[in-house]
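Listing of start20.cif, mmCIF, C-alpha atoms
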```
data_target
#
loop_
_atom_site.label_atom_id
_atom_site.label_comp_id
_atom_site.auth_asym_id
_atom_site.auth_seq_id
_atom_site.Cartn_x
_atom_site.Cartn_y
_atom_site.Cartn_z
CA MET C 25 -14.22 30.06 38.81
CA ILE C 26 -17.05 30.72 41.23
CA GLU C 27 -18.71 27.47 40.11
CA ASN C 28 -15.74 25.54 41.53
CA TRP C 29 -16.24 27.26 44.88
CA LEU C 30 -19.85 26.07 44.86
CA LEU C 31 -18.84 22.52 43.92
CA ASP C 32 -16.31 22.47 46.76
CA SER C 33 -18.82 23.66 49.37
CA SER C 34 -19.99 21.53 52.28
CA GLU C 35 -23.61 21.92 51.17
CA PRO C 36 -24.81 18.98 49.06
CA TRP C 37 -27.97 20.92 48.03
CA THR C 38 -25.73 23.65 46.61
CA ARG C 39 -23.44 21.19 44.84
CA TYR C 40 -26.46 19.34 43.44
CA HIS C 41 -28.11 22.46 42.01
CA ALA C 42 -24.83 23.94 40.76
CA ARG C 43 -24.27 20.86 38.61
CA LEU C 44 -27.88 20.60 37.52
CA GLU C 45 -28.74 24.25 36.86
CA LEU C 46 -25.47 26.11 36.32
CA LEU C 47 -23.39 23.45 34.58
CA ASP C 48 -26.42 21.90 32.84
CA GLN C 49 -25.52 18.36 33.82
CA PRO C 50 -28.56 16.07 33.42
CA GLU C 51 -30.32 14.56 36.42
CA SER C 52 -29.08 11.15 35.27
CA ASP C 53 -25.42 12.20 35.46
CA PRO C 54 -23.56 10.09 38.08
CA GLN C 55 -22.07 13.24 39.68
CA VAL C 56 -25.51 14.82 39.98
CA GLN C 57 -26.93 11.63 41.46
CA THR C 58 -24.06 11.43 43.96
CA GLU C 59 -24.76 14.96 45.16
CA ARG C 60 -28.47 14.23 45.41
CA GLU C 61 -27.84 11.12 47.48
CA SER C 62 -25.55 13.17 49.73
CA MET C 63 -28.29 15.75 50.16
CA LEU C 64 -30.87 13.15 51.15
CA ALA C 65 -28.43 11.63 53.66
CA ASP C 66 -27.45 14.99 55.15
CA LEU C 67 -28.49 15.27 58.81
CA ARG C 68 -29.56 18.89 58.33
CA VAL C 69 -31.92 17.95 55.50
CA ARG C 70 -33.27 14.97 57.42
CA GLY C 71 -33.88 17.29 60.35
CA LEU C 72 -35.79 19.69 58.12
CA ILE C 73 -38.06 16.88 56.92
CA ALA C 74 -38.90 16.02 60.51
CA GLU C 75 -39.46 19.67 61.45
CA ALA C 76 -41.75 20.23 58.45
CA ALA C 77 -44.35 17.80 59.84
CA TRP C 78 -47.68 19.27 58.82
CA PRO C 79 -49.50 21.23 60.14
CA GLY C 80 -47.22 21.79 63.13
CA TYR C 81 -48.49 24.50 65.47
CA ALA C 82 -51.15 27.07 64.62
CA LEU C 83 -49.81 29.86 62.46
CA GLN C 84 -50.22 33.30 64.04
CA ARG C 85 -47.88 35.45 61.95
CA HIS C 86 -46.88 34.67 58.41
CA ASN C 87 -43.26 35.74 58.76
CA ASP C 88 -42.63 33.08 61.42
CA ALA C 89 -39.49 31.61 59.83
CA ARG C 90 -39.49 28.50 62.02
CA HIS C 91 -43.01 27.41 61.03
CA PRO C 92 -43.32 24.17 59.00
CA LEU C 93 -44.85 26.22 56.17
CA HIS C 94 -41.46 27.75 55.43
CA LYS C 95 -39.51 24.56 56.05
CA LEU C 96 -41.66 22.89 53.41
CA SER C 97 -40.66 25.66 51.01
CA VAL C 98 -36.96 25.18 51.74
CA LEU C 99 -37.24 21.45 51.10
CA ALA C 100 -38.93 22.27 47.80
CA ASP C 101 -36.20 24.80 46.97
CA PHE C 102 -33.53 22.21 47.71
CA GLY C 103 -35.08 19.85 45.18
CA LEU C 104 -36.60 17.12 47.28
CA HIS C 105 -39.62 15.46 45.72
CA SER C 106 -42.21 12.72 45.97
CA GLY C 107 -40.58 9.36 46.61
CA ASP C 108 -37.83 10.80 48.81
CA PRO C 109 -37.91 9.64 52.46
CA GLY C 110 -40.65 11.42 54.37
CA ILE C 111 -41.88 13.61 51.51
CA ASP C 112 -44.98 11.63 50.56
CA THR C 113 -46.17 11.78 54.16
CA LEU C 114 -45.87 15.59 54.08
CA LEU C 115 -47.74 15.81 50.77
CA GLU C 116 -50.57 13.64 52.03
CA ALA C 117 -50.91 15.76 55.16
CA ILE C 118 -51.28 18.93 53.07
CA LEU C 119 -53.73 17.34 50.63
CA ALA C 120 -55.93 16.21 53.53
CA HIS C 121 -57.13 19.77 54.15
CA GLN C 122 -58.58 21.56 51.15
CA SER C 123 -61.29 24.22 51.29
CA VAL C 124 -64.46 23.99 49.25
CA GLU C 125 -63.15 26.95 47.23
CA GLY C 126 -60.04 24.98 46.30
CA ALA C 127 -57.29 26.51 48.42
CA PHE C 128 -55.26 24.21 50.66
CA GLN C 129 -55.61 25.11 54.31
CA SER C 130 -53.26 25.83 57.19
CA LEU C 131 -53.94 25.58 60.89
CA VAL C 132 -54.24 29.27 61.80
CA SER C 133 -55.10 31.27 64.88
CA ILE C 134 -56.38 34.81 64.30
CA PRO C 135 -56.81 36.78 67.54
CA ALA C 136 -60.29 38.15 68.25
CA ALA C 137 -58.81 41.65 68.30
CA PHE C 138 -58.01 41.27 64.59
CA GLY C 139 -61.38 39.83 63.63
CA GLY C 140 -60.71 36.13 64.15
CA SER C 141 -61.96 33.63 66.69
CA GLY C 142 -58.72 33.36 68.67
CA LYS C 143 -58.85 29.59 68.25
CA ALA C 144 -56.78 27.25 66.09
CA GLU C 145 -58.77 26.28 63.02
CA TRP C 146 -58.25 25.11 59.47
CA ALA C 147 -58.55 27.98 57.01
CA TRP C 148 -56.77 29.61 54.09
CA LEU C 149 -55.33 33.08 53.62
CA ALA C 150 -53.81 34.63 50.52
CA CYS C 151 -50.48 34.73 52.36
CA ASP C 152 -50.23 30.99 53.07
CA ALA C 153 -52.34 29.00 50.58
CA PRO C 154 -50.07 29.89 47.60
CA LEU C 155 -47.02 28.63 49.52
CA LEU C 156 -48.73 25.30 50.09
CA LEU C 157 -49.55 25.08 46.40
CA TYR C 158 -45.93 25.97 45.57
CA ALA C 159 -44.68 23.22 47.88
CA LEU C 160 -47.05 20.65 46.42
CA LEU C 161 -46.06 21.47 42.84
CA LYS C 162 -42.35 21.80 43.50
CA LEU C 163 -42.19 18.66 45.63
CA GLY C 164 -43.60 16.68 42.74
CA CYS C 165 -47.14 16.04 43.86
CA GLU C 166 -49.10 14.43 41.05
CA ARG C 167 -51.27 17.02 39.34
CA ASP C 168 -54.87 15.92 39.72
CA GLU C 169 -58.28 17.54 40.13
CA ARG C 170 -57.39 18.74 43.64
CA ILE C 171 -54.30 20.56 42.42
CA ASP C 172 -56.15 21.97 39.41
CA LEU C 173 -58.90 23.24 41.70
CA ALA C 174 -56.31 25.05 43.84
CA ILE C 175 -54.63 26.53 40.76
CA GLY C 176 -57.96 27.76 39.44
CA HIS C 177 -58.87 29.30 42.78
CA LEU C 178 -55.55 31.12 43.09
CA ALA C 179 -55.61 32.42 39.52
CA GLY C 180 -59.21 33.48 40.02
CA LEU C 181 -58.33 35.76 42.94
CA VAL C 182 -56.25 38.12 40.82
CA VAL C 183 -57.60 41.59 40.05
CA GLU C 184 -56.25 44.38 37.87
CA ASN C 185 -53.56 45.32 40.41
CA GLY C 186 -52.46 41.87 41.52
CA TRP C 187 -53.62 39.88 44.51
CA ARG C 188 -55.31 41.56 47.45
CA CYS C 189 -55.63 40.53 51.07
CA ALA C 190 -58.17 37.70 51.10
CA GLY C 191 -59.12 34.73 53.22
CA ALA C 192 -61.68 32.09 54.03
CA ALA C 193 -64.90 32.75 55.91
CA GLU C 194 -63.34 31.00 58.91
CA VAL C 195 -60.97 33.91 59.56
CA GLY C 196 -63.90 36.26 60.10
CA ARG C 197 -63.31 39.97 59.62
CA PHE C 198 -59.53 39.66 59.50
CA ARG C 199 -57.73 41.80 56.93
CA GLY C 200 -54.19 43.13 56.81
CA PRO C 201 -53.31 46.75 57.70
CA GLY C 202 -53.96 48.37 54.35
CA ARG C 203 -56.66 49.82 52.15
CA LYS C 204 -59.11 47.24 50.84
CA ALA C 205 -58.49 48.15 47.19
CA ASP C 206 -54.69 48.03 47.53
CA PRO C 207 -52.75 44.98 46.35
CA CYS C 208 -50.98 42.93 49.00
CA PRO C 209 -47.30 42.61 48.04
CA ILE C 210 -46.66 39.35 49.88
CA ALA C 211 -49.85 37.69 48.61
CA THR C 212 -48.94 38.76 45.07
CA LEU C 213 -45.39 37.48 45.44
CA TYR C 214 -46.52 34.12 46.83
CA ALA C 215 -49.16 33.75 44.11
CA LEU C 216 -46.63 34.41 41.35
CA LYS C 217 -44.24 31.96 43.00
CA ALA C 218 -46.81 29.18 42.87
CA LEU C 219 -48.06 29.97 39.37
CA ALA C 220 -44.47 30.06 38.06
CA GLN C 221 -44.47 26.27 38.44
CA ILE C 222 -47.21 25.97 35.80
CA PRO C 223 -45.88 26.51 32.24
CA GLU C 224 -49.21 27.41 30.68
CA ILE C 225 -49.70 30.31 33.13
CA LEU C 226 -46.29 31.97 32.68
CA ASP C 227 -47.61 34.43 30.09
CA SER C 228 -51.18 34.67 31.36
CA PRO C 229 -53.09 37.88 32.20
CA ALA C 230 -52.85 36.89 35.89
CA ALA C 231 -49.07 36.64 35.67
CA HIS C 232 -48.83 40.01 33.92
CA ALA C 233 -51.07 41.69 36.51
CA GLY C 234 -49.07 40.31 39.43
CA ALA C 235 -45.68 41.11 37.90
CA GLU C 236 -46.77 44.67 37.10
CA MET C 237 -47.81 45.16 40.73
CA LEU C 238 -44.32 44.25 41.98
CA LEU C 239 -42.55 46.25 39.27
CA HIS C 240 -44.72 49.30 39.91
CA HIS C 241 -43.99 49.05 43.63
CA TRP C 242 -40.28 49.33 42.81
CA GLU C 243 -41.03 52.32 40.58
CA VAL C 244 -42.80 54.18 43.42
CA ARG C 245 -40.71 52.71 46.24
CA ASN C 246 -39.73 56.08 47.66
CA SER C 247 -43.30 57.17 48.20
CA GLN C 248 -45.54 54.11 48.45
CA LYS C 249 -46.11 51.26 50.88
CA TYR C 250 -48.83 48.66 50.58
CA TYR C 251 -50.03 46.89 53.73
CA LEU C 252 -46.89 48.26 55.47
CA PHE C 253 -44.63 46.58 52.89
CA GLY C 254 -41.92 48.88 51.58
CA MET C 255 -38.88 48.60 49.34
CA GLY C 256 -36.33 50.48 51.43
CA SER C 257 -32.93 49.54 52.83
CA ASP C 258 -34.16 46.42 54.64
CA PHE C 259 -35.85 45.21 51.47
CA ARG C 260 -32.51 45.36 49.63
CA LYS C 261 -30.70 43.10 52.09
CA LEU C 262 -30.09 39.56 50.84
CA LYS C 263 -32.03 37.09 52.95
CA TYR C 264 -33.03 33.43 52.85
CA PRO C 265 -35.24 31.40 53.40
CA PHE C 266 -37.80 33.05 51.16
CA VAL C 267 -40.13 33.86 54.01
CA TRP C 268 -41.07 37.47 53.38
CA TYR C 269 -40.87 40.46 51.05
CA ASP C 270 -37.27 41.21 50.12
CA ILE C 271 -35.23 41.76 47.00
CA LEU C 272 -33.81 38.28 46.48
CA HIS C 273 -37.24 36.72 46.88
CA VAL C 274 -38.92 39.20 44.53
CA VAL C 275 -36.25 39.02 41.83
CA ALA C 276 -36.08 35.21 42.04
CA VAL C 277 -39.83 34.92 41.50
CA LEU C 278 -39.98 37.51 38.72
CA SER C 279 -37.06 35.87 36.92
CA HIS C 280 -39.38 32.97 36.01
CA TYR C 281 -41.40 35.34 33.84
CA SER C 282 -39.42 36.11 30.69
CA PHE C 283 -41.66 39.05 29.76
CA VAL C 284 -40.15 41.10 32.63
CA HIS C 285 -36.49 40.45 31.80
CA GLY C 286 -36.09 43.54 29.62
CA ASP C 287 -38.14 45.78 31.89
CA THR C 288 -36.07 48.69 33.24
CA ARG C 289 -37.56 48.29 36.71
CA PHE C 290 -36.63 44.62 36.86
CA GLN C 291 -33.14 45.40 35.61
CA GLU C 292 -32.75 48.02 38.36
CA MET C 293 -33.73 45.47 41.02
CA LEU C 294 -31.35 42.94 39.52
CA THR C 295 -28.49 45.46 39.57
CA SER C 296 -29.27 46.42 43.16
CA MET C 297 -28.98 42.76 44.08
CA THR C 298 -25.90 41.79 42.06
CA SER C 299 -23.99 44.87 43.20
CA GLN C 300 -23.76 43.23 46.61
CA ALA C 301 -21.25 40.61 45.42
CA ASP C 302 -17.76 40.62 46.88
CA SER C 303 -14.61 40.85 44.74
CA GLN C 304 -14.82 37.11 44.01
CA GLY C 305 -18.47 37.15 42.98
CA ARG C 306 -19.75 35.64 46.23
CA TYR C 307 -22.75 36.80 48.24
CA THR C 308 -23.23 37.17 51.99
CA ALA C 309 -26.51 37.54 53.84
CA GLY C 310 -27.37 41.11 54.73
CA SER C 311 -30.06 39.96 57.13
CA MET C 312 -30.96 36.64 58.73
CA TYR C 313 -33.64 34.70 60.56
CA GLN C 314 -32.51 33.55 64.00
CA ALA C 315 -34.51 30.35 63.52
CA TRP C 316 -32.01 29.38 60.78
CA LYS C 317 -28.83 30.25 62.62
CA GLY C 318 -26.08 27.79 61.73
CA TRP C 319 -26.92 27.63 58.01
CA SER C 320 -24.59 29.51 55.65
CA PHE C 321 -27.39 31.70 54.32
CA ALA C 322 -28.05 32.92 57.90
CA ASP C 323 -24.46 34.08 58.46
CA LYS C 324 -23.83 37.79 57.93
CA LYS C 325 -20.06 37.45 58.29
CA ALA C 326 -19.14 34.94 55.60
CA PRO C 327 -20.12 34.32 51.96
CA SER C 328 -22.87 31.75 51.52
CA PRO C 329 -22.64 29.11 48.78
CA TRP C 330 -26.42 28.73 48.64
CA LEU C 331 -27.09 32.48 48.43
CA THR C 332 -24.42 32.75 45.75
CA PHE C 333 -26.02 29.95 43.78
CA LEU C 334 -29.46 31.57 44.02
CA VAL C 335 -28.17 34.84 42.55
CA MET C 336 -26.21 33.04 39.82
CA ARG C 337 -29.29 31.03 38.86
CA ILE C 338 -31.31 34.22 38.46
CA HIS C 339 -28.56 35.66 36.26
CA LYS C 340 -28.61 32.54 34.12
CA ARG C 341 -32.39 32.65 33.72
CA VAL C 342 -32.20 36.23 32.54
CA TYR C 343 -29.00 36.23 30.46
CA GLY C 344 -28.43 32.55 29.65
CA CYS C 345 -25.21 32.26 31.66
CA PRO C 346 -24.37 32.32 35.40
#
```

Rendering of file as structure tokens:
Amino acid sequence: MIENWLLDSSEPWTRYHARLELLDQPESDPQVQTERESMLADLRVRGLIAEAAWPGYALQRHNDARHPLHKLSVLADFGLHSGDPGIDTLLEAILAHQSVEGAFQSLVSIPAAFGGSGKAEWAWLACDAPLLLYALLKLGCERDERIDLAIGHLAGLVVENGWRCAGAAEVGRFRGPGRKADPCPIATLYALKALAQIPEILDSPAAHAGAEMLLHHWEVRNSQKYYLFGMGSDFRKLKYPFVWYDILHVVAVLSHYSFVHGDTRFQEMLTSMTSQADSQGRYTAGSMYQAWKGWSFADKKAPSPWLTFLVMRIHKRVYGCP
């Protein structure tokens, strides 16, 4: 069984989630707790916690896979949470910078040529603030008025075709390379990712608008790009961490929303993804980030336990079994 391959892997985060989410063992199970303790003790995970120190350096491009923004997301994906060594310090650092609108801020540097000041400053953009909210929620930050303000702000940015390119006044005239009325695929994906952590929003008008944007993009993938984002051959390559706009990221986020499960477009994306399994049901990265070289999910030559788990979890969400 493929589950046994996951349980025999050298990745404690994979073993932990396989037991918890594929085998349905409770968090209190001694085997689950053993795997979790192994994950927290793992030198790679401890290194990630150190490298996720917030805010790190000023963010200049949002697909910078080595930036702390994305390392925070990986820690959240792995299942670390408040109370674990180093996590509360990270949460407090994020909470310390919230805009008056409600969005949590990153240290960003927008060149003057693109409408910014060229200096490092605290601001929010629709392609980073949702990731911070996702990290806060997933890492177990207590939901208080600050979190609710951020949720309300994010949900309030949605329009009839999803989320558009948007940002704080501090970023000046900056806007991505697309038409003003077009939806931004990555902003929409990140927004849905954050809102998926909030049960009462899973069937909301905002969720439906965002999901329809992504599904429609698949429907017109051969003729339409938004803000230079397409759904071609590179999009279909399996890739992790969830930094940018690709099939595993999109299907993983959409799988949280049960109202899309029967949609033909979603099913086509799911088939495109699962057809990449090898004869034993394992998945290998089709593309990788050099910043993550050395991790199994950044190895294009060998099956990755973590990638395999991620696909199996999606399958279980949709069909009730891995």

Near segment 218-236 of chain C, 9 Å: segment 281-304 of chain C residue rows, closest pairs, only C-alpha atoms, as a tab-separated table:
```
residue	atom	partner	partner_atom	distance
C:Tyr281	CA	C:Leu226	CA	6.1
C:Ser282	CA	C:Leu226	CA	8.3
C:Phe283	CA	C:Asp227	CA	7.5
C:Val284	CA	C:Ala235	CA	7.6
```

Centre and size of axis-aligned box enclosing segment 58-73 of chain C plus 5 Å each side, as JSON:
```
{"center_x": -31.1, "center_y": 15.4, "center_z": 52.2, "size_x": 24.0, "size_y": 18.6, "size_z": 26.4}
```

(Q) Which residues, named as in the file, does the PyMOL selection byres ((chain C and resi 200) around 12) pick out? Answer as number ranges by chain. (A) C: 85-86, 134, 138-139, 149-151, 188-191, 195, 197-199, 201-211, 250-253

(Q) For a quick check of understanding, using only C-alpha atoms, which of C:Leu238, C:Val244, C:Leu131, C:Val275 has the smallest distance to Asp152 of chain C? (A)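 Looking only at the distances to Asp152 of chain C, the closest residue turns out to be C:Leu131.
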
Q | Test item: the PyMOL selection byres ((chain C and resi 289) around 8) resolved as a PyMOL selection string | A | chain C and resi 239-240+242-243+287-288+290-293

Q: Would you kindly translate the PyMOL selection byres ((chain C and resi 78-82) around 7) into the concrete residues it picks from this file, as a ChimeraX atom specification?
A: /C:76-77,83-84,92,114,117-118,130-133,144

Residues of the last selection are to be written out with C-alpha atoms, as a compact mmCIF listing (two decimals), in the coordinates of the input.
```txt
# COMPACT_ATOMS: atom_id res chain seq x y z
CA ALA C 76 -41.75 20.23 58.45
CA ALA C 77 -44.35 17.80 59.84
CA LEU C 83 -49.81 29.86 62.46
CA GLN C 84 -50.22 33.30 64.04
CA PRO C 92 -43.32 24.17 59.00
CA LEU C 114 -45.87 15.59 54.08
CA ALA C 117 -50.91 15.76 55.16
CA ILE C 118 -51.28 18.93 53.07
CA SER C 130 -53.26 25.83 57.19
CA LEU C 131 -53.94 25.58 60.89
CA VAL C 132 -54.24 29.27 61.80
CA SER C 133 -55.10 31.27 64.88
CA ALA C 144 -56.78 27.25 66.09
```

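Atom CA of Leu155 of chain C lies 13.4 Å from atom CA of Tyr269 of chain C.
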
Q. If you measure from atom CA of Asp323 of chain C to atom CA of Leu161 of chain C, what distance in Å do you get, rounded to one decimal?
A.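 Spanning atom CA of Asp323 of chain C to atom CA of Leu161 of chain C is a straight-line distance of 29.5 Å.
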
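Relative to atom CA of Gly254 of chain C, atom CA of Thr295 of chain C is found at 18.3 Å.
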
Q: Give the answer as one residue: which of C:Ala326, C:Leu156, C:Leu115, C:Leu213 has the shortest atom-to-atom distance to Ile271 of chain C, using all atoms listed in the file?
A: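 Going through C:Ala326, C:Leu156, C:Leu115, C:Leu213 one by one, the smallest distance to Ile271 of chain C is for C:Leu213.
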
Q: Could you check which of C:Gly103, C:Pro327, C:Gly180, C:Pro54 is closest to Gln300 of chain C, using all atoms listed in the file?
A: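 Looking at the shortest contact to Gln300 of chain C, the residue is C:Pro327.
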
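Shortest atom-to-atom contact with His121 of chain C among C:Lys162, C:His273, C:Arg170, C:Lys249: C:Arg170, counting all atoms listed in the file.
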
Q.
Just checking: using only C-alpha atoms, which residue out of C:Lys143, C:Arg68, C:His285, C:Arg245 ends up closest to Arg341 of chain C?
A.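 The answer is C:His285, which sits nearest to Arg341 of chain C.
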
Model the absent atoms of segment 310-335 of chain C so that N, CA and C atoms are present, and write the result as an mmCIF file, in the coordinates of the input.
```cif
data_model
loop_
_atom_site.group_PDB
_atom_site.id
_atom_site.type_symbol
_atom_site.label_atom_id
_atom_site.label_comp_id
_atom_site.auth_asym_id
_atom_site.auth_seq_id
_atom_site.Cartn_x
_atom_site.Cartn_y
_atom_site.Cartn_z
ATOM 1 N N GLY C 310 -27.327 39.796 54.117
ATOM 2 C CA GLY C 310 -27.370 41.110 54.730
ATOM 3 C C GLY C 310 -28.298 41.142 55.924
ATOM 4 N N SER C 311 -29.122 40.100 56.026
ATOM 5 C CA SER C 311 -30.060 39.960 57.130
ATOM 6 C C SER C 311 -30.292 38.459 57.316
ATOM 7 N N MET C 312 -30.793 38.074 58.469
ATOM 8 C CA MET C 312 -30.960 36.640 58.730
ATOM 9 C C MET C 312 -32.130 36.394 59.662
ATOM 10 N N TYR C 313 -32.627 35.167 59.626
ATOM 11 C CA TYR C 313 -33.640 34.700 60.560
ATOM 12 C C TYR C 313 -32.940 33.888 61.649
ATOM 13 N N GLN C 314 -33.153 34.261 62.892
ATOM 14 C CA GLN C 314 -32.510 33.550 64.000
ATOM 15 C C GLN C 314 -32.865 32.069 64.014
ATOM 16 N N ALA C 315 -34.076 31.745 63.540
ATOM 17 C CA ALA C 315 -34.510 30.350 63.520
ATOM 18 C C ALA C 315 -33.630 29.483 62.618
ATOM 19 N N TRP C 316 -32.850 30.117 61.725
ATOM 20 C CA TRP C 316 -32.010 29.380 60.780
ATOM 21 C C TRP C 316 -30.524 29.578 61.067
ATOM 22 N N LYS C 317 -30.227 30.055 62.246
ATOM 23 C CA LYS C 317 -28.830 30.250 62.620
ATOM 24 C C LYS C 317 -28.071 28.928 62.513
ATOM 25 N N GLY C 318 -26.878 28.992 61.931
ATOM 26 C CA GLY C 318 -26.080 27.790 61.730
ATOM 27 C C GLY C 318 -26.013 27.371 60.264
ATOM 28 N N TRP C 319 -26.958 27.867 59.452
ATOM 29 C CA TRP C 319 -26.920 27.630 58.010
ATOM 30 C C TRP C 319 -26.128 28.767 57.361
ATOM 31 N N SER C 320 -25.459 28.491 56.259
ATOM 32 C CA SER C 320 -24.590 29.510 55.650
ATOM 33 C C SER C 320 -25.366 30.740 55.225
ATOM 34 N N PHE C 321 -26.607 30.564 54.795
ATOM 35 C CA PHE C 321 -27.390 31.700 54.320
ATOM 36 C C PHE C 321 -27.922 32.559 55.481
ATOM 37 N N ALA C 322 -27.679 32.129 56.715
ATOM 38 C CA ALA C 322 -28.050 32.920 57.900
ATOM 39 C C ALA C 322 -26.797 33.356 58.647
ATOM 40 N N ASP C 323 -25.734 33.627 57.901
ATOM 41 C CA ASP C 323 -24.460 34.080 58.460
ATOM 42 C C ASP C 323 -24.085 35.394 57.775
ATOM 43 N N LYS C 324 -24.102 36.476 58.515
ATOM 44 C CA LYS C 324 -23.830 37.790 57.930
ATOM 45 C C LYS C 324 -22.339 38.120 57.855
ATOM 46 N N LYS C 325 -21.496 37.170 58.254
ATOM 47 C CA LYS C 325 -20.060 37.450 58.290
ATOM 48 C C LYS C 325 -19.252 36.695 57.241
ATOM 49 N N ALA C 326 -19.880 35.744 56.575
ATOM 50 C CA ALA C 326 -19.140 34.940 55.600
ATOM 51 C C ALA C 326 -19.987 34.686 54.362
ATOM 52 N N PRO C 327 -19.365 34.600 53.184
ATOM 53 C CA PRO C 327 -20.120 34.320 51.960
ATOM 54 C C PRO C 327 -20.862 32.989 52.058
ATOM 55 N N SER C 328 -22.033 32.939 51.489
ATOM 56 C CA SER C 328 -22.870 31.750 51.520
ATOM 57 C C SER C 328 -22.904 31.080 50.146
ATOM 58 N N PRO C 329 -22.520 29.817 50.064
ATOM 59 C CA PRO C 329 -22.640 29.110 48.780
ATOM 60 C C PRO C 329 -24.063 29.087 48.242
ATOM 61 N N TRP C 330 -25.041 28.835 49.111
ATOM 62 C CA TRP C 330 -26.420 28.730 48.640
ATOM 63 C C TRP C 330 -26.946 30.076 48.148
ATOM 64 N N LEU C 331 -26.690 31.151 48.885
ATOM 65 C CA LEU C 331 -27.090 32.480 48.430
ATOM 66 C C LEU C 331 -26.430 32.816 47.096
ATOM 67 N N THR C 332 -25.154 32.476 46.992
ATOM 68 C CA THR C 332 -24.420 32.750 45.750
ATOM 69 C C THR C 332 -25.027 31.983 44.590
ATOM 70 N N PHE C 333 -25.365 30.731 44.816
ATOM 71 C CA PHE C 333 -26.020 29.950 43.780
ATOM 72 C C PHE C 333 -27.344 30.586 43.363
ATOM 73 N N LEU C 334 -28.144 31.002 44.330
ATOM 74 C CA LEU C 334 -29.460 31.570 44.020
ATOM 75 C C LEU C 334 -29.330 32.789 43.106
ATOM 76 N N VAL C 335 -28.356 33.659 43.393
ATOM 77 C CA VAL C 335 -28.170 34.840 42.550
ATOM 78 C C VAL C 335 -27.671 34.422 41.167
#
```
